[in-house]
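Asks: Dropping in input_37.pdb, with PDB, C-alpha atoms, pLDDT in the B column.
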ATOM      1  CA  ARG C   1     -24.078 -18.535  54.674  1.00 39.00           C
ATOM      2  CA  MET C   2     -22.654 -18.927  51.149  1.00 40.00           C
ATOM      3  CA  ALA C   3     -23.452 -16.367  48.452  1.00 43.00           C
ATOM      4  CA  ASP C   4     -25.362 -17.259  45.314  1.00 44.00           C
ATOM      5  CA  PRO C   5     -22.792 -17.514  42.459  1.00 43.00           C
ATOM      6  CA  GLN C   6     -25.092 -15.718  40.003  1.00 44.00           C
ATOM      7  CA  ALA C   7     -26.512 -13.108  42.376  1.00 45.00           C
ATOM      8  CA  SER C   8     -24.817 -10.041  40.886  1.00 44.00           C
ATOM      9  CA  GLU C   9     -24.036 -11.473  37.492  1.00 44.00           C
ATOM     10  CA  GLU C  10     -25.776 -11.213  34.148  1.00 43.00           C
ATOM     11  CA  PRO C  11     -28.055 -14.237  33.574  1.00 43.00           C
ATOM     12  CA  GLY C  12     -26.381 -17.006  31.620  1.00 38.00           C
ATOM     13  CA  TYR C  13     -22.940 -15.514  32.070  1.00 40.00           C
ATOM     14  CA  PRO C  14     -21.351 -16.233  35.463  1.00 55.00           C
ATOM     15  CA  GLY C  15     -18.101 -14.394  34.780  1.00 63.00           C
ATOM     16  CA  GLN C  16     -14.969 -14.332  36.915  1.00 69.00           C
ATOM     17  CA  GLU C  17     -16.776 -13.337  40.122  1.00 72.00           C
ATOM     18  CA  GLY C  18     -19.216 -16.262  39.773  1.00 68.00           C
ATOM     19  CA  LEU C  19     -16.321 -18.643  39.134  1.00 71.00           C
ATOM     20  CA  LYS C  20     -14.573 -17.400  42.261  1.00 76.00           C
ATOM     21  CA  ARG C  21     -17.737 -17.888  44.352  1.00 74.00           C
ATOM     22  CA  ALA C  22     -18.277 -21.383  42.945  1.00 73.00           C
ATOM     23  CA  THR C  23     -14.704 -22.319  43.840  1.00 78.00           C
ATOM     24  CA  GLU C  24     -15.307 -21.084  47.406  1.00 78.00           C
ATOM     25  CA  ASP C  25     -18.560 -23.114  47.584  1.00 73.00           C
ATOM     26  CA  VAL C  26     -16.764 -26.285  46.459  1.00 76.00           C
ATOM     27  CA  LYS C  27     -14.093 -25.769  49.126  1.00 78.00           C
ATOM     28  CA  ALA C  28     -16.772 -25.166  51.789  1.00 76.00           C
ATOM     29  CA  GLY C  29     -18.639 -28.305  50.690  1.00 73.00           C
ATOM     30  CA  LYS C  30     -15.472 -30.402  50.860  1.00 73.00           C
ATOM     31  CA  THR C  31     -14.715 -29.018  54.312  1.00 75.00           C
ATOM     32  CA  LEU C  32     -18.246 -29.852  55.475  1.00 70.00           C
ATOM     33  CA  ILE C  33     -18.036 -33.401  54.070  1.00 73.00           C
ATOM     34  CA  ASP C  34     -14.631 -33.901  55.750  1.00 71.00           C
ATOM     35  CA  ARG C  35     -16.158 -32.823  59.079  1.00 67.00           C
ATOM     36  CA  PHE C  36     -19.008 -35.328  58.590  1.00 67.00           C
ATOM     37  CA  ASN C  37     -16.517 -38.116  57.896  1.00 66.00           C
ATOM     38  CA  GLU C  38     -14.421 -37.332  60.967  1.00 65.00           C
ATOM     39  CA  ASP C  39     -17.312 -36.989  63.418  1.00 64.00           C
ATOM     40  CA  LYS C  40     -19.692 -39.723  62.171  1.00 62.00           C
ATOM     41  CA  LYS C  41     -20.181 -41.310  65.573  1.00 59.00           C
ATOM     42  CA  LYS C  42     -20.294 -38.095  67.585  1.00 66.00           C
ATOM     43  CA  LEU C  43     -22.680 -36.320  65.218  1.00 64.00           C
ATOM     44  CA  ARG C  44     -26.158 -35.540  66.498  1.00 67.00           C
ATOM     45  CA  PRO C  45     -29.078 -36.057  64.114  1.00 69.00           C
ATOM     46  CA  GLU C  46     -30.073 -32.352  64.108  1.00 71.00           C
ATOM     47  CA  VAL C  47     -26.532 -31.286  63.191  1.00 67.00           C
ATOM     48  CA  ALA C  48     -26.389 -33.948  60.498  1.00 67.00           C
ATOM     49  CA  GLU C  49     -29.680 -32.746  59.033  1.00 73.00           C
ATOM     50  CA  ALA C  50     -28.467 -29.133  59.097  1.00 73.00           C
ATOM     51  CA  GLY C  51     -25.252 -30.202  57.324  1.00 72.00           C
ATOM     52  CA  ILE C  52     -27.256 -32.071  54.709  1.00 76.00           C
ATOM     53  CA  VAL C  53     -29.401 -28.972  54.102  1.00 79.00           C
ATOM     54  CA  VAL C  54     -26.235 -26.866  53.680  1.00 77.00           C
ATOM     55  CA  LEU C  55     -24.753 -29.449  51.312  1.00 77.00           C
ATOM     56  CA  ASP C  56     -28.000 -29.542  49.318  1.00 79.00           C
ATOM     57  CA  ALA C  57     -27.896 -25.750  48.996  1.00 80.00           C
ATOM     58  CA  LEU C  58     -24.259 -25.929  47.891  1.00 79.00           C
ATOM     59  CA  ILE C  59     -25.032 -28.630  45.358  1.00 80.00           C
ATOM     60  CA  LEU C  60     -27.993 -26.645  44.053  1.00 82.00           C
ATOM     61  CA  ARG C  61     -25.860 -23.522  43.648  1.00 79.00           C
ATOM     62  CA  LEU C  62     -23.154 -25.539  41.880  1.00 79.00           C
ATOM     63  CA  LYS C  63     -25.772 -27.098  39.572  1.00 82.00           C
ATOM     64  CA  ASN C  64     -27.126 -23.647  38.770  1.00 81.00           C
ATOM     65  CA  PHE C  65     -23.604 -22.447  38.166  1.00 80.00           C
ATOM     66  CA  ARG C  66     -22.919 -25.426  35.911  1.00 80.00           C
ATOM     67  CA  SER C  67     -26.122 -24.879  33.946  1.00 82.00           C
ATOM     68  CA  GLY C  68     -25.234 -21.192  33.628  1.00 79.00           C
ATOM     69  CA  LEU C  69     -21.833 -22.175  32.244  1.00 81.00           C
ATOM     70  CA  LYS C  70     -23.430 -24.603  29.800  1.00 86.00           C
ATOM     71  CA  LYS C  71     -25.837 -21.897  28.656  1.00 86.00           C
ATOM     72  CA  THR C  72     -22.970 -19.447  28.268  1.00 84.00           C
ATOM     73  CA  ILE C  73     -20.951 -22.003  26.292  1.00 86.00           C
ATOM     74  CA  GLU C  74     -23.899 -22.702  24.000  1.00 89.00           C
ATOM     75  CA  ASP C  75     -24.504 -18.969  23.500  1.00 89.00           C
ATOM     76  CA  ARG C  76     -20.872 -18.380  22.652  1.00 89.00           C
ATOM     77  CA  GLN C  77     -20.821 -21.324  20.244  1.00 92.00           C
ATOM     78  CA  GLN C  78     -23.894 -19.906  18.511  1.00 93.00           C
ATOM     79  CA  GLU C  79     -22.226 -16.484  18.307  1.00 92.00           C
ATOM     80  CA  ILE C  80     -19.141 -18.161  16.799  1.00 93.00           C
ATOM     81  CA  LYS C  81     -21.329 -19.875  14.173  1.00 93.00           C
ATOM     82  CA  ASP C  82     -23.041 -16.561  13.359  1.00 93.00           C
ATOM     83  CA  LEU C  83     -19.685 -14.825  13.020  1.00 91.00           C
ATOM     84  CA  ASP C  84     -18.424 -17.640  10.776  1.00 92.00           C
ATOM     85  CA  LYS C  85     -21.458 -17.138   8.523  1.00 92.00           C
ATOM     86  CA  GLN C  86     -20.858 -13.393   8.394  1.00 90.00           C
ATOM     87  CA  ILE C  87     -17.191 -13.972   7.608  1.00 89.00           C
ATOM     88  CA  ALA C  88     -18.162 -16.391   4.818  1.00 90.00           C
ATOM     89  CA  VAL C  89     -20.453 -13.714   3.335  1.00 89.00           C
ATOM     90  CA  VAL C  90     -17.819 -10.973   3.578  1.00 88.00           C
ATOM     91  CA  GLN C  91     -14.793 -13.080   2.614  1.00 88.00           C
ATOM     92  CA  PRO C  92     -15.116 -12.841  -1.226  1.00 87.00           C
ATOM     93  CA  ASN C  93     -15.452  -9.060  -1.066  1.00 87.00           C
ATOM     94  CA  TYR C  94     -12.625  -8.918   1.456  1.00 87.00           C
ATOM     95  CA  ASP C  95     -10.350 -10.938  -0.838  1.00 87.00           C
ATOM     96  CA  LYS C  96     -11.177  -8.649  -3.768  1.00 89.00           C
ATOM     97  CA  VAL C  97     -10.586  -5.499  -1.712  1.00 90.00           C
ATOM     98  CA  LYS C  98      -7.416  -7.008  -0.231  1.00 90.00           C
ATOM     99  CA  LYS C  99      -6.042  -7.651  -3.738  1.00 91.00           C
ATOM    100  CA  GLN C 100      -6.860  -4.062  -4.748  1.00 92.00           C
ATOM    101  CA  HIS C 101      -5.342  -2.780  -1.533  1.00 92.00           C
ATOM    102  CA  ASP C 102      -2.141  -4.772  -2.111  1.00 93.00           C
ATOM    103  CA  ALA C 103      -1.974  -3.545  -5.719  1.00 93.00           C
ATOM    104  CA  HIS C 104      -2.426   0.063  -4.561  1.00 93.00           C
ATOM    105  CA  LEU C 105       0.262  -0.397  -1.925  1.00 93.00           C
ATOM    106  CA  ALA C 106       2.671  -1.825  -4.515  1.00 93.00           C
ATOM    107  CA  GLU C 107       1.923   1.052  -6.905  1.00 93.00           C
ATOM    108  CA  ARG C 108       2.357   3.592  -4.106  1.00 93.00           C
ATOM    109  CA  ASP C 109       5.698   2.045  -3.142  1.00 93.00           C
ATOM    110  CA  ALA C 110       6.868   2.142  -6.775  1.00 93.00           C
ATOM    111  CA  LEU C 111       5.807   5.787  -7.133  1.00 93.00           C
ATOM    112  CA  GLN C 112       7.461   6.670  -3.830  1.00 93.00           C
ATOM    113  CA  LYS C 113      10.699   5.026  -5.008  1.00 93.00           C
ATOM    114  CA  GLU C 114      10.509   6.968  -8.279  1.00 93.00           C
ATOM    115  CA  VAL C 115       9.893  10.219  -6.380  1.00 92.00           C
ATOM    116  CA  ASP C 116      12.852   9.460  -4.098  1.00 92.00           C
ATOM    117  CA  ASP C 117      15.097   8.755  -7.112  1.00 92.00           C
ATOM    118  CA  LEU C 118      13.976  11.928  -8.907  1.00 91.00           C
ATOM    119  CA  THR C 119      14.454  13.953  -5.727  1.00 92.00           C
ATOM    120  CA  ALA C 120      17.993  12.596  -5.409  1.00 92.00           C
ATOM    121  CA  VAL C 121      18.734  13.507  -9.050  1.00 90.00           C
ATOM    122  CA  LEU C 122      17.225  16.972  -8.554  1.00 91.00           C
ATOM    123  CA  GLU C 123      19.275  17.557  -5.428  1.00 91.00           C
ATOM    124  CA  ALA C 124      22.441  16.433  -7.247  1.00 90.00           C
ATOM    125  CA  ASN C 125      21.632  18.803 -10.133  1.00 91.00           C
ATOM    126  CA  VAL C 126      20.953  21.686  -7.769  1.00 91.00           C
ATOM    127  CA  LYS C 127      24.246  21.022  -5.997  1.00 91.00           C
ATOM    128  CA  ALA C 128      26.154  20.858  -9.309  1.00 90.00           C
ATOM    129  CA  ALA C 129      24.438  24.048 -10.558  1.00 89.00           C
ATOM    130  CA  SER C 130      25.234  25.843  -7.325  1.00 89.00           C
ATOM    131  CA  GLU C 131      28.899  24.809  -7.599  1.00 89.00           C
ATOM    132  CA  CYS C 132      28.979  25.976 -11.247  1.00 88.00           C
ATOM    133  CA  LEU C 133      27.380  29.290 -10.297  1.00 88.00           C
ATOM    134  CA  TYR C 134      29.902  29.782  -7.518  1.00 87.00           C
ATOM    135  CA  LYS C 135      32.792  29.045  -9.881  1.00 85.00           C
ATOM    136  CA  ALA C 136      31.287  31.313 -12.577  1.00 85.00           C
ATOM    137  CA  ASN C 137      30.902  34.138 -10.061  1.00 83.00           C
ATOM    138  CA  ARG C 138      34.493  33.672  -8.951  1.00 83.00           C
ATOM    139  CA  ALA C 139      35.711  33.635 -12.572  1.00 82.00           C
ATOM    140  CA  HIS C 140      33.561  36.672 -13.419  1.00 80.00           C
ATOM    141  CA  GLY C 141      34.978  38.527 -10.434  1.00 80.00           C
ATOM    142  CA  THR C 142      38.510  37.645 -11.512  1.00 82.00           C
ATOM    143  CA  ILE C 143      37.818  38.717 -15.113  1.00 80.00           C
ATOM    144  CA  ARG C 144      36.120  41.937 -13.967  1.00 78.00           C
ATOM    145  CA  ASN C 145      39.049  42.784 -11.686  1.00 78.00           C
ATOM    146  CA  SER C 146      41.474  42.030 -14.488  1.00 77.00           C
ATOM    147  CA  MET C 147      39.492  44.212 -16.932  1.00 75.00           C
ATOM    148  CA  ALA C 148      39.228  47.028 -14.384  1.00 73.00           C
ATOM    149  CA  SER C 149      42.949  46.828 -13.800  1.00 73.00           C
ATOM    150  CA  SER C 150      43.589  46.889 -17.582  1.00 72.00           C
ATOM    151  CA  MET C 151      41.270  49.899 -18.018  1.00 70.00           C
ATOM    152  CA  LEU C 152      42.986  51.711 -15.174  1.00 66.00           C
ATOM    153  CA  ASP C 153      46.355  50.952 -16.723  1.00 65.00           C
ATOM    154  CA  ALA C 154      45.091  52.210 -20.112  1.00 64.00           C
ATOM    155  CA  ASN C 155      43.810  55.424 -18.541  1.00 64.00           C
ATOM    156  CA  ARG C 156      47.018  56.051 -16.657  1.00 61.00           C
ATOM    157  CA  GLY C 157      49.299  55.018 -19.486  1.00 60.00           C
ATOM    158  CA  PHE C 158      51.426  52.716 -17.367  1.00 62.00           C
ATOM    159  CA  THR C 159      51.044  49.538 -15.360  1.00 67.00           C
ATOM    160  CA  SER C 160      50.757  49.298 -11.588  1.00 65.00           C
ATOM    161  CA  GLU C 161      54.483  48.468 -11.530  1.00 70.00           C
ATOM    162  CA  GLY C 162      55.254  51.782 -13.242  1.00 66.00           C
ATOM    163  CA  ARG C 163      56.203  50.495 -16.708  1.00 70.00           C
ATOM    164  CA  ALA C 164      54.800  52.231 -19.754  1.00 67.00           C
ATOM    165  CA  LEU C 165      52.206  50.377 -21.762  1.00 66.00           C
ATOM    166  CA  PRO C 166      53.261  49.095 -25.196  1.00 69.00           C
ATOM    167  CA  GLY C 167      52.960  51.872 -27.777  1.00 65.00           C
ATOM    168  CA  ARG C 168      52.884  54.529 -25.040  1.00 62.00           C
ATOM    169  CA  GLU C 169      56.506  54.748 -24.110  1.00 62.00           C
ATOM    170  CA  SER C 170      56.277  58.509 -23.795  1.00 62.00           C
ATOM    171  CA  ASN C 171      54.399  59.963 -20.877  1.00 56.00           C
ATOM    172  CA  LEU C 172      51.289  61.655 -22.273  1.00 54.00           C
ATOM    173  CA  LEU C 173      50.637  63.573 -19.090  1.00 58.00           C
ATOM    174  CA  LYS C 174      53.656  65.768 -19.685  1.00 60.00           C
ATOM    175  CA  LYS C 175      53.599  68.445 -22.390  1.00 60.00           C
ATOM    176  CA  PRO C 176      55.715  67.458 -25.332  1.00 58.00           C
ATOM    177  CA  VAL C 177      58.843  69.476 -25.828  1.00 57.00           C
ATOM    178  CA  LYS C 178      58.556  71.723 -28.925  1.00 59.00           C
ATOM    179  CA  ALA C 179      61.426  72.656 -31.125  1.00 57.00           C
ATOM    180  CA  ALA C 180      62.487  76.311 -30.872  1.00 55.00           C
ATOM    181  CA  ASN C 181      61.787  77.157 -34.463  1.00 58.00           C
ATOM    182  CA  THR C 182      58.235  75.995 -34.565  1.00 61.00           C
ATOM    183  CA  ARG C 183      55.509  78.555 -34.516  1.00 64.00           C
ATOM    184  CA  ALA C 184      51.971  78.332 -33.627  1.00 64.00           C
ATOM    185  CA  GLY C 185      49.540  78.107 -36.515  1.00 66.00           C
ATOM    186  CA  LEU C 186      47.284  80.887 -37.648  1.00 69.00           C
ATOM    187  CA  PRO C 187      44.362  81.568 -35.413  1.00 70.00           C
ATOM    188  CA  LEU C 188      40.981  80.448 -36.619  1.00 71.00           C
ATOM    189  CA  PRO C 189      38.579  83.183 -37.627  1.00 72.00           C
ATOM    190  CA  ARG C 190      35.973  84.171 -35.111  1.00 74.00           C
ATOM    191  CA  LYS C 191      32.359  84.132 -35.871  1.00 71.00           C
ATOM    192  CA  TYR C 192      30.410  87.173 -34.891  1.00 67.00           C
ATOM    193  CA  GLY C 193      26.918  87.067 -34.755  1.00 53.00           C
TER     194      GLY C 193
END
Rewrite the coordinates I just gave you, this time as structure tokens.
Replies:
Amino acid sequence: RMADPQASEEPGYPGQEGLKRATEDVKAGKTLIDRFNEDKKKLRPEVAEAGIVVLDALILRLKNFRSGLKKTIEDRQQEIKDLDKQIAVVQPNYDKVKKQHDAHLAERDALQKEVDDLTAVLEANVKAASECLYKANRAHGTIRNSMASSMLDANRGFTSEGRALPGRESNLLKKPVKAANTRAGLPLPRKYG
């Protein structure tokens, strides 16, 4: 026995399962009709009546299926019309919001480009400042070492190569040689108290 195409389906919507069952019913009906055509003369009246009853049931199921499809098509067309009306109501607001949205996107893109450009300039400035600081530190270190070396030379009285500094040709670390006839000066008076 053939299954009802809308047995497990939602009313008015046959779906894929109903379509599959209807296709099977059509094939079964064609097979039954082909058997009638082949065995016309050999067919007994009871078998012919039973075949006609089966064909009637098949045709009824297919009619129900067809009416279900028509109903589904009409329902969907009505839903499409309702959606078109809703779209027509929303469309002006949508266009307005879409224009604002596009304007905001364009402004955001412009601001993002400006931020990217400023970030690139800032990074270039930071890099240049860091290079300048490095060079200044190197120069300061060189100057400091040079000054320390000069101060050390001034304290010692001669350069690191052993030459006397200008104006200090005599070695101040040694006691100067006194002439034999020089005397020491008078002692300073003491304070008692």
Asks: Grab the CA of Gly51 (chain C) to CA of Thr23 (chain C) distance for me, in Å with one decimal place.
Replies: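 Interatomic distance, CA of Gly51 (chain C) to CA of Thr23 (chain C): 18.8 Å.
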Asks: How many Å lie between CA of Gly68 (chain C) and CA of Lys30 (chain C), rounded to one decimal?
Replies: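 A separation of 21.8 Å between them.
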Asks: Using Å and a single decimal, report how far CA of Ala106 (chain C) sits from CA of Ala120 (chain C).
Replies: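 For CA of Ala120 (chain C) relative to CA of Ala106 (chain C), the distance reads 21.1 Å.
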